[in-house]
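Everything below belongs to start-v7.cif, which stores mmCIF, C-alpha atoms.
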data_start
loop_
_atom_site.group_PDB
_atom_site.id
_atom_site.type_symbol
_atom_site.label_atom_id
_atom_site.label_comp_id
_atom_site.auth_asym_id
_atom_site.auth_seq_id
_atom_site.Cartn_x
_atom_site.Cartn_y
_atom_site.Cartn_z
ATOM 1 C CA MET A 1 129.242 67.951 85.680
ATOM 2 C CA ASN A 2 132.853 68.183 86.839
ATOM 3 C CA SER A 3 134.311 68.516 90.338
ATOM 4 C CA VAL A 4 134.326 72.324 90.063
ATOM 5 C CA THR A 5 130.630 72.676 89.257
ATOM 6 C CA GLN A 6 129.355 69.720 91.279
ATOM 7 C CA GLY A 7 126.753 70.811 93.790
ATOM 8 C CA ILE A 8 126.001 74.131 92.070
ATOM 9 C CA PRO A 9 122.394 74.143 90.807
ATOM 10 C CA SER A 10 121.925 75.016 87.150
ATOM 11 C CA THR A 11 118.535 76.595 87.816
ATOM 12 C CA ILE A 12 116.770 78.297 90.665
ATOM 13 C CA ALA A 13 115.845 75.806 93.370
ATOM 14 C CA LYS A 14 112.729 73.798 92.598
ATOM 15 C CA GLY A 15 109.834 74.571 94.872
ATOM 16 C CA ALA A 16 110.971 78.149 95.533
ATOM 17 C CA PRO A 17 108.041 80.606 95.780
ATOM 18 C CA PRO A 18 107.301 82.491 92.568
ATOM 19 C CA VAL A 19 108.928 85.889 92.225
ATOM 20 C CA ARG A 20 106.601 88.735 93.225
ATOM 21 C CA HIS A 21 107.133 92.257 91.976
ATOM 22 C CA TYR A 22 105.723 95.484 93.426
ATOM 23 C CA LEU A 23 105.313 97.781 90.437
ATOM 24 C CA GLN A 24 101.992 99.399 91.319
ATOM 25 C CA PHE A 25 99.638 99.363 94.294
ATOM 26 C CA SER A 26 97.290 96.845 92.694
ATOM 27 C CA ASP A 27 100.026 94.172 92.629
ATOM 28 C CA LEU A 28 99.024 93.023 96.128
ATOM 29 C CA THR A 29 95.670 91.998 97.556
ATOM 30 C CA ALA A 30 93.692 93.639 100.348
ATOM 31 C CA ASP A 31 94.551 90.720 102.633
ATOM 32 C CA GLU A 32 98.262 91.080 101.849
ATOM 33 C CA TYR A 33 98.040 94.775 102.677
ATOM 34 C CA ARG A 34 96.437 93.965 106.010
ATOM 35 C CA TYR A 35 99.418 91.755 106.781
ATOM 36 C CA LEU A 36 101.949 94.366 105.567
ATOM 37 C CA LEU A 37 100.407 97.152 107.620
ATOM 38 C CA GLU A 38 100.395 95.006 110.758
ATOM 39 C CA ARG A 39 103.954 93.887 110.070
ATOM 40 C CA SER A 40 105.046 97.499 109.546
ATOM 41 C CA ALA A 41 103.732 98.391 113.005
ATOM 42 C CA PHE A 42 105.607 95.433 114.496
ATOM 43 C CA ILE A 43 108.866 96.375 112.747
ATOM 44 C CA LYS A 44 108.516 100.045 113.691
ATOM 45 C CA GLY A 45 107.922 99.032 117.299
ATOM 46 C CA LYS A 46 111.197 97.115 117.270
ATOM 47 C CA PHE A 47 113.010 100.118 115.789
ATOM 48 C CA LYS A 48 111.615 102.531 118.363
ATOM 49 C CA THR A 49 112.658 100.294 121.281
ATOM 50 C CA PHE A 50 116.165 99.674 119.903
ATOM 51 C CA MET A 51 115.498 95.972 119.383
ATOM 52 C CA ARG A 52 117.406 94.283 116.582
ATOM 53 C CA HIS A 53 115.275 92.939 113.748
ATOM 54 C CA GLN A 54 117.466 91.326 111.102
ATOM 55 C CA THR A 55 115.483 88.970 108.915
ATOM 56 C CA LEU A 56 117.414 89.700 105.706
ATOM 57 C CA VAL A 57 120.977 88.934 106.788
ATOM 58 C CA ASP A 58 123.274 88.329 103.789
ATOM 59 C CA ARG A 59 120.637 89.603 101.347
ATOM 60 C CA THR A 60 121.484 92.409 98.933
ATOM 61 C CA LEU A 61 119.296 95.214 97.638
ATOM 62 C CA ALA A 62 120.308 96.856 94.351
ATOM 63 C CA MET A 63 118.948 100.409 94.071
ATOM 64 C CA ILE A 64 118.794 101.889 90.566
ATOM 65 C CA PHE A 65 118.207 105.628 90.205
ATOM 66 C CA GLU A 66 117.375 107.499 87.036
ATOM 67 C CA LYS A 67 115.556 110.169 89.065
ATOM 68 C CA ALA A 68 117.219 112.006 91.945
ATOM 69 C CA SER A 69 116.141 111.050 95.438
ATOM 70 C CA THR A 70 116.461 111.868 99.128
ATOM 71 C CA ARG A 71 113.713 110.014 100.988
ATOM 72 C CA THR A 72 113.638 106.997 98.668
ATOM 73 C CA ARG A 73 117.382 106.426 98.911
ATOM 74 C CA VAL A 74 117.683 106.982 102.652
ATOM 75 C CA SER A 75 114.571 104.969 103.547
ATOM 76 C CA PHE A 76 115.495 101.931 101.443
ATOM 77 C CA GLU A 77 119.193 102.025 102.278
ATOM 78 C CA ALA A 78 118.773 102.506 106.017
ATOM 79 C CA GLY A 79 115.941 99.990 106.079
ATOM 80 C CA MET A 80 117.925 97.261 104.332
ATOM 81 C CA TYR A 81 120.911 97.751 106.626
ATOM 82 C CA GLN A 82 118.627 97.578 109.662
ATOM 83 C CA LEU A 83 117.272 94.263 108.359
ATOM 84 C CA GLY A 84 120.842 92.929 108.277
ATOM 85 C CA GLY A 85 121.336 93.154 104.516
ATOM 86 C CA SER A 86 123.542 95.225 102.264
ATOM 87 C CA VAL A 87 122.923 97.761 99.514
ATOM 88 C CA VAL A 88 124.378 98.480 96.075
ATOM 89 C CA HIS A 89 123.653 101.956 94.722
ATOM 90 C CA ILE A 90 123.488 102.326 90.927
ATOM 91 C CA THR A 91 122.846 105.393 88.789
ATOM 92 C CA THR A 92 122.615 105.556 85.029
ATOM 93 C CA GLY A 93 125.570 107.946 85.037
ATOM 94 C CA ASP A 94 127.980 105.416 86.521
ATOM 95 C CA SER A 95 126.718 102.162 85.004
ATOM 96 C CA GLN A 96 126.185 100.524 81.634
ATOM 97 C CA MET A 97 122.477 101.315 81.943
ATOM 98 C CA GLY A 98 123.399 104.868 80.998
ATOM 99 C CA ARG A 99 125.423 103.682 78.020
ATOM 100 C CA SER A 100 122.659 102.103 75.959
ATOM 101 C CA GLU A 101 122.778 98.616 77.448
ATOM 102 C CA PRO A 102 119.304 97.108 76.946
ATOM 103 C CA ILE A 103 117.194 97.133 80.101
ATOM 104 C CA GLU A 104 116.561 93.426 79.601
ATOM 105 C CA ASP A 105 120.293 92.653 79.720
ATOM 106 C CA SER A 106 120.807 94.758 82.841
ATOM 107 C CA ALA A 107 117.935 92.923 84.513
ATOM 108 C CA ARG A 108 119.403 89.522 83.655
ATOM 109 C CA VAL A 109 122.766 90.445 85.172
ATOM 110 C CA ILE A 110 121.786 92.491 88.222
ATOM 111 C CA SER A 111 119.154 89.987 89.322
ATOM 112 C CA ARG A 112 121.798 87.227 89.408
ATOM 113 C CA MET A 113 123.869 89.236 91.892
ATOM 114 C CA ALA A 114 121.236 90.837 94.114
ATOM 115 C CA ASP A 115 118.216 89.514 95.998
ATOM 116 C CA LEU A 116 116.002 92.561 95.486
ATOM 117 C CA VAL A 117 115.974 95.469 93.047
ATOM 118 C CA MET A 118 114.441 98.890 93.698
ATOM 119 C CA ILE A 119 114.110 101.202 90.679
ATOM 120 C CA ARG A 120 113.270 104.915 90.600
ATOM 121 C CA THR A 121 112.814 105.943 86.999
ATOM 122 C CA TYR A 122 110.618 107.768 84.490
ATOM 123 C CA GLU A 123 108.272 105.643 82.354
ATOM 124 C CA GLN A 124 106.462 102.723 84.001
ATOM 125 C CA THR A 125 107.292 100.640 80.928
ATOM 126 C CA LYS A 126 110.983 100.719 81.915
ATOM 127 C CA ILE A 127 110.404 99.084 85.283
ATOM 128 C CA GLU A 128 107.972 96.598 83.721
ATOM 129 C CA ARG A 129 110.581 95.597 81.122
ATOM 130 C CA PHE A 130 113.199 95.160 83.851
ATOM 131 C CA ALA A 131 110.844 93.057 85.987
ATOM 132 C CA ALA A 132 109.971 90.808 83.041
ATOM 133 C CA TYR A 133 113.613 89.653 82.880
ATOM 134 C CA SER A 134 114.464 89.766 86.583
ATOM 135 C CA ARG A 135 114.951 86.601 88.643
ATOM 136 C CA VAL A 136 114.300 88.528 91.874
ATOM 137 C CA PRO A 137 111.571 90.879 93.157
ATOM 138 C CA VAL A 138 111.524 94.389 91.692
ATOM 139 C CA ILE A 139 110.095 97.318 93.671
ATOM 140 C CA ASN A 140 108.824 100.579 92.203
ATOM 141 C CA GLY A 141 110.577 103.422 94.041
ATOM 142 C CA LEU A 142 108.705 105.910 91.815
ATOM 143 C CA THR A 143 107.762 106.224 88.160
ATOM 144 C CA ASN A 144 105.876 108.895 86.238
ATOM 145 C CA GLU A 145 102.722 106.810 86.599
ATOM 146 C CA PHE A 146 102.834 105.300 90.111
ATOM 147 C CA HIS A 147 104.341 105.738 93.585
ATOM 148 C CA PRO A 148 103.080 102.715 95.545
ATOM 149 C CA CYS A 149 105.596 102.761 98.422
ATOM 150 C CA GLN A 150 104.625 106.336 99.268
ATOM 151 C CA ILE A 151 100.907 105.589 99.386
ATOM 152 C CA LEU A 152 101.590 102.494 101.499
ATOM 153 C CA ALA A 153 103.427 104.763 103.952
ATOM 154 C CA ASP A 154 100.628 107.333 103.840
ATOM 155 C CA ILE A 155 97.966 104.749 104.648
ATOM 156 C CA PHE A 156 100.083 103.339 107.471
ATOM 157 C CA THR A 157 100.501 106.870 108.845
ATOM 158 C CA TYR A 158 96.761 107.505 108.704
ATOM 159 C CA ILE A 159 96.075 104.261 110.587
ATOM 160 C CA GLU A 160 98.639 105.194 113.250
ATOM 161 C CA HIS A 161 96.910 108.502 113.920
ATOM 162 C CA ARG A 162 93.237 107.817 113.215
ATOM 163 C CA GLY A 163 92.624 104.081 112.923
ATOM 164 C CA PRO A 164 91.289 102.121 109.905
ATOM 165 C CA ILE A 165 91.074 103.968 106.594
ATOM 166 C CA GLN A 166 88.201 101.811 105.326
ATOM 167 C CA GLY A 167 85.157 103.984 104.659
ATOM 168 C CA LYS A 168 87.113 107.242 105.094
ATOM 169 C CA THR A 169 87.517 109.980 102.472
ATOM 170 C CA VAL A 170 90.773 111.377 101.124
ATOM 171 C CA ALA A 171 90.983 114.677 99.239
ATOM 172 C CA TRP A 172 93.662 114.906 96.557
ATOM 173 C CA VAL A 173 94.365 118.524 95.619
ATOM 174 C CA GLY A 174 96.701 119.345 92.731
ATOM 175 C CA ASP A 175 98.169 117.473 89.786
ATOM 176 C CA GLY A 176 96.567 114.265 88.515
ATOM 177 C CA ASN A 177 99.973 112.593 88.761
ATOM 178 C CA ASN A 178 101.535 109.328 89.959
ATOM 179 C CA MET A 179 100.404 109.975 93.525
ATOM 180 C CA ALA A 180 96.792 110.578 92.477
ATOM 181 C CA ASN A 181 96.858 107.446 90.323
ATOM 182 C CA THR A 182 98.086 105.364 93.226
ATOM 183 C CA TRP A 183 95.590 106.787 95.712
ATOM 184 C CA LEU A 184 92.809 105.684 93.362
ATOM 185 C CA GLN A 185 94.202 102.154 93.083
ATOM 186 C CA ALA A 186 94.436 102.020 96.876
ATOM 187 C CA ALA A 187 90.831 103.188 97.267
ATOM 188 C CA GLU A 188 89.633 100.357 95.047
ATOM 189 C CA LEU A 189 91.505 97.725 97.053
ATOM 190 C CA LEU A 190 91.062 99.033 100.584
ATOM 191 C CA ASP A 191 87.508 100.389 100.349
ATOM 192 C CA PHE A 192 87.804 104.119 100.955
ATOM 193 C CA ASN A 193 86.846 107.216 98.961
ATOM 194 C CA VAL A 194 88.891 109.792 97.059
ATOM 195 C CA HIS A 195 87.893 113.326 96.112
ATOM 196 C CA VAL A 196 90.108 114.718 93.353
ATOM 197 C CA SER A 197 90.445 118.366 92.401
ATOM 198 C CA THR A 198 92.866 119.361 89.638
ATOM 199 C CA PRO A 199 93.146 122.354 87.307
ATOM 200 C CA SER A 200 91.669 121.896 83.857
ATOM 201 C CA GLY A 201 94.076 119.970 81.675
ATOM 202 C CA TYR A 202 95.762 118.198 84.593
ATOM 203 C CA GLU A 203 93.065 115.657 85.428
ATOM 204 C CA VAL A 204 93.711 112.032 86.346
ATOM 205 C CA ASN A 205 93.852 109.797 83.285
ATOM 206 C CA GLU A 206 91.815 106.752 84.320
ATOM 207 C CA GLU A 207 93.478 104.565 81.701
ATOM 208 C CA THR A 208 96.939 105.495 82.972
ATOM 209 C CA ALA A 209 95.821 104.954 86.558
ATOM 210 C CA ARG A 210 94.401 101.592 85.438
ATOM 211 C CA ILE A 211 91.181 102.162 87.340
ATOM 212 C CA ALA A 212 88.918 102.873 84.360
ATOM 213 C CA GLY A 213 85.516 101.334 84.999
ATOM 214 C CA LYS A 214 86.558 99.917 88.380
ATOM 215 C CA LEU A 215 85.767 102.649 90.902
ATOM 216 C CA SER A 216 82.159 103.469 91.651
ATOM 217 C CA ALA A 217 80.947 107.043 91.256
ATOM 218 C CA GLY A 218 80.561 107.304 95.013
ATOM 219 C CA ARG A 219 84.118 106.222 95.742
ATOM 220 C CA TYR A 220 85.815 108.515 93.231
ATOM 221 C CA LYS A 221 84.519 112.052 92.765
ATOM 222 C CA THR A 222 86.036 114.992 90.927
ATOM 223 C CA TYR A 223 85.659 118.662 91.854
ATOM 224 C CA SER A 224 86.516 121.838 89.979
ATOM 225 C CA ASN A 225 86.736 123.738 93.280
ATOM 226 C CA PRO A 226 89.418 122.364 95.649
ATOM 227 C CA VAL A 227 87.584 123.667 98.716
ATOM 228 C CA ASP A 228 84.573 121.540 97.783
ATOM 229 C CA ALA A 229 86.849 118.509 97.369
ATOM 230 C CA CYS A 230 88.066 118.989 100.936
ATOM 231 C CA ARG A 231 84.632 119.347 102.495
ATOM 232 C CA ASP A 232 84.090 116.836 105.344
ATOM 233 C CA VAL A 233 87.051 114.647 104.353
ATOM 234 C CA ASP A 234 89.316 112.768 106.760
ATOM 235 C CA LEU A 235 92.608 113.452 105.016
ATOM 236 C CA VAL A 236 93.853 116.217 102.712
ATOM 237 C CA THR A 237 96.950 115.507 100.657
ATOM 238 C CA THR A 238 98.879 117.079 97.811
ATOM 239 C CA ASP A 239 102.191 117.096 95.932
ATOM 240 C CA VAL A 240 104.422 119.569 94.112
ATOM 241 C CA TRP A 241 102.894 121.244 91.075
ATOM 242 C CA THR A 242 105.782 120.224 88.824
ATOM 243 C CA SER A 243 107.057 116.665 89.116
ATOM 244 C CA MET A 244 110.536 115.597 87.995
ATOM 245 C CA GLY A 245 110.701 115.393 84.235
ATOM 246 C CA PHE A 246 108.199 118.213 83.711
ATOM 247 C CA GLU A 247 110.432 121.146 84.665
ATOM 248 C CA ALA A 248 109.951 122.812 81.272
ATOM 249 C CA GLU A 249 106.278 123.315 82.228
ATOM 250 C CA ASN A 250 107.078 124.993 85.545
ATOM 251 C CA GLU A 251 105.907 128.539 84.778
ATOM 252 C CA THR A 252 102.799 127.345 82.955
ATOM 253 C CA ARG A 253 101.923 125.128 85.893
ATOM 254 C CA ARG A 254 102.464 127.912 88.431
ATOM 255 C CA LYS A 255 99.733 129.917 86.714
ATOM 256 C CA ALA A 256 97.361 126.977 86.211
ATOM 257 C CA PHE A 257 97.663 125.752 89.825
ATOM 258 C CA ALA A 258 97.543 129.155 91.551
ATOM 259 C CA THR A 259 94.277 128.411 93.407
ATOM 260 C CA TRP A 260 95.223 124.804 94.242
ATOM 261 C CA CYS A 261 97.407 125.689 97.216
ATOM 262 C CA VAL A 262 96.224 123.739 100.267
ATOM 263 C CA ASN A 263 95.552 126.459 102.829
ATOM 264 C CA SER A 264 93.666 126.968 106.069
ATOM 265 C CA GLU A 265 90.360 127.456 104.216
ATOM 266 C CA MET A 266 90.632 123.969 102.726
ATOM 267 C CA MET A 267 91.606 122.412 106.046
ATOM 268 C CA GLN A 268 88.704 124.157 107.774
ATOM 269 C CA ALA A 269 86.355 122.660 105.176
ATOM 270 C CA ALA A 270 87.598 119.191 106.126
ATOM 271 C CA LYS A 271 86.592 117.416 109.312
ATOM 272 C CA ALA A 272 87.914 118.947 112.524
ATOM 273 C CA ASN A 273 90.268 115.999 113.073
ATOM 274 C CA ALA A 274 91.388 115.732 109.437
ATOM 275 C CA LEU A 275 95.075 115.160 108.751
ATOM 276 C CA PHE A 276 97.321 116.799 106.176
ATOM 277 C CA MET A 277 99.951 114.859 104.220
ATOM 278 C CA HIS A 278 102.571 115.695 101.594
ATOM 279 C CA CYS A 279 105.092 113.231 100.148
ATOM 280 C CA LEU A 280 107.834 115.929 100.148
ATOM 281 C CA PRO A 281 109.818 117.870 99.141
ATOM 282 C CA ALA A 282 107.370 120.725 99.691
ATOM 283 C CA HIS A 283 107.326 124.280 98.426
ATOM 284 C CA ARG A 284 105.657 126.452 101.049
ATOM 285 C CA GLY A 285 103.489 129.074 99.403
ATOM 286 C CA GLU A 286 102.939 126.984 96.274
ATOM 287 C CA GLU A 287 101.100 123.669 96.694
ATOM 288 C CA VAL A 288 100.713 124.173 100.464
ATOM 289 C CA SER A 289 100.813 127.117 102.818
ATOM 290 C CA ALA A 290 103.332 127.193 105.654
ATOM 291 C CA GLU A 291 100.544 127.366 108.242
ATOM 292 C CA VAL A 292 99.168 124.044 107.029
ATOM 293 C CA ILE A 293 102.341 121.979 106.548
ATOM 294 C CA ASP A 294 103.798 123.288 109.816
ATOM 295 C CA GLY A 295 100.463 123.241 111.615
ATOM 296 C CA PRO A 296 98.906 120.800 114.108
ATOM 297 C CA GLN A 297 97.052 118.723 111.499
ATOM 298 C CA SER A 298 100.192 117.991 109.509
ATOM 299 C CA VAL A 299 101.790 114.556 109.895
ATOM 300 C CA VAL A 300 104.338 114.911 107.095
ATOM 301 C CA TRP A 301 107.359 114.016 109.248
ATOM 302 C CA ASP A 302 105.760 110.803 110.521
ATOM 303 C CA GLU A 303 104.753 110.108 106.925
ATOM 304 C CA ALA A 304 108.346 110.524 105.734
ATOM 305 C CA GLU A 305 109.768 108.244 108.438
ATOM 306 C CA ASN A 306 107.146 105.611 107.766
ATOM 307 C CA ARG A 307 108.477 105.082 104.240
ATOM 308 C CA MET A 308 111.334 103.207 105.874
ATOM 309 C CA HIS A 309 109.162 101.003 108.080
ATOM 310 C CA VAL A 310 106.646 99.952 105.429
ATOM 311 C CA GLN A 311 109.433 99.300 102.922
ATOM 312 C CA LYS A 312 111.188 97.064 105.429
ATOM 313 C CA ALA A 313 107.978 95.063 105.779
ATOM 314 C CA LEU A 314 107.575 95.007 101.993
ATOM 315 C CA MET A 315 111.121 93.779 101.290
ATOM 316 C CA GLU A 316 110.787 91.118 103.955
ATOM 317 C CA PHE A 317 107.454 89.976 102.513
ATOM 318 C CA LEU A 318 108.676 89.804 98.923
ATOM 319 C CA LEU A 319 111.659 87.659 99.921
ATOM 320 C CA LEU A 320 110.320 85.575 102.809
ATOM 321 C CA GLY A 321 106.537 85.667 102.497
ATOM 322 C CA ARG A 322 104.401 85.942 105.634
ATOM 323 C CA ILE A 323 106.140 85.507 108.969
ATOM 324 C CA ASP A 324 104.032 84.366 111.893
#
Target format structure tokens, applied to this file:
Amino acid sequence: MNSVTQGIPSTIAKGAPPVRHYLQFSDLTADEYRYLLERSAFIKGKFKTFMRHQTLVDRTLAMIFEKASTRTRVSFEAGMYQLGGSVVHITTGDSQMGRSEPIEDSARVISRMADLVMIRTYEQTKIERFAAYSRVPVINGLTNEFHPCQILADIFTYIEHRGPIQGKTVAWVGDGNNMANTWLQAAELLDFNVHVSTPSGYEVNEETARIAGKLSAGRYKTYSNPVDACRDVDLVTTDVWTSMGFEAENETRRKAFATWCVNSEMMQAAKANALFMHCLPAHRGEEVSAEVIDGPQSVVWDEAENRMHVQKALMEFLLLGRID
């Protein structure tokens, strides 16, 4: 070691906590979620009372986008700045990742320059490959298979409005997509029920959701009629009929999903105090009627804002662990 390199460690500091990634909802335990949800409320309280909360000063978040984004970009970027950190925005169009550089090489480089990496991409295998070679925590901002940050925000929003979600029932109406997969993982961990109603051919794939053989018949039920799925539930939620990457199927899906529009009949079948959620963007008149999304049971705007608060708690936790 010469005078130039003296004092610079050749490896990551010994005794540092192991790197934790957040690639799907099941990556954390029920107890860790209890902490995160409580921490999210604390952090949101600070935000609402204009109190500074900067636990990640001098930390950098790298955000990598292969899929377009509004809420994911704004919520992570604003959240990291509010925590005192900085943000680097990367797209495949303006980086070597879009020029055939191996994902593994990008992970090795980016994770030496940033403290956290958020990725919004297509196949789950891409984010898993990146995480396998990353020296820092990697967060799933959305993949075709999972959307854990959104469901974390949804659960936090439910708790804000109605209290604990344990023992409650959620109705998922629409495509058996990444949101449905993640709701089922959450139900397994946090002890609530999910009713799923999808058109034929668009069912949840239990192997993809990674819940095959784990959820009891009582906790996870499927319905051919969406109104029946909504009967006596505590929360009704849905998503667009055509997710990004499936645009070529748009017209076919419009026909298949025609009776899976969440409307007043479905909300009336639910409990009187049931909430409605949608991860947005929404298409009024397709997956949800205007009277529902703009009605008194809808909490979609709180839900959208809460992405930022739960992600702040998540980033803090992945880097610093629990804070008393």
Write out as a tab-separated table (two decimals) with C-alpha atoms, in the frame of the given file the residues lying within 9 Å of Val310 in chain A, counting only C-alpha atoms and excluding same-chain residues fewer than 2 positions away.
chain	number	residue	atom	x	y	z
A	36	LEU	CA	101.95	94.37	105.57
A	37	LEU	CA	100.41	97.15	107.62
A	39	ARG	CA	103.95	93.89	110.07
A	40	SER	CA	105.05	97.50	109.55
A	41	ALA	CA	103.73	98.39	113.00
A	43	ILE	CA	108.87	96.38	112.75
A	44	LYS	CA	108.52	100.04	113.69
A	149	CYS	CA	105.60	102.76	98.42
A	152	LEU	CA	101.59	102.49	101.50
A	153	ALA	CA	103.43	104.76	103.95
A	156	PHE	CA	100.08	103.34	107.47
A	306	ASN	CA	107.15	105.61	107.77
A	307	ARG	CA	108.48	105.08	104.24
A	308	MET	CA	111.33	103.21	105.87
A	312	LYS	CA	111.19	97.06	105.43
A	313	ALA	CA	107.98	95.06	105.78
A	314	LEU	CA	107.58	95.01	101.99
A	315	MET	CA	111.12	93.78	101.29
Using all atoms listed in the file, determine which residues lie at most 9 Å from range 278-291 of chain A, disregarding the query and same-chain residues fewer than 3 positions distant; provide the list as a count of residues only. 31
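The two atoms in question, CA of Ser69 in chain A and CA of Asp115 in chain A, are spaced 21.6 Å apart.
Distance annotation: of A:Gln311, A:Thr55, A:Ser100, A:Asn193, the residue with the minimal separation from Met118 in chain A is A:Gln311; atom set is all atoms listed in the file.
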The distance between CA of Val138 in chain A and CA of Leu116 in chain A is 6.1 Å
Tell me which of A:Ile159, A:Leu142, A:Val204, A:Ile64 sits closest to Phe25 in chain A, counting all atoms listed in the file.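 Comparing A:Ile159, A:Leu142, A:Val204, A:Ile64 against Phe25 in chain A, the winner is A:Leu142.
The closest residue to Trp301 in chain A, picked from A:Thr252, A:Gln166, A:Gln54, A:Thr157 and counting only C-alpha atoms, is A:Thr157.
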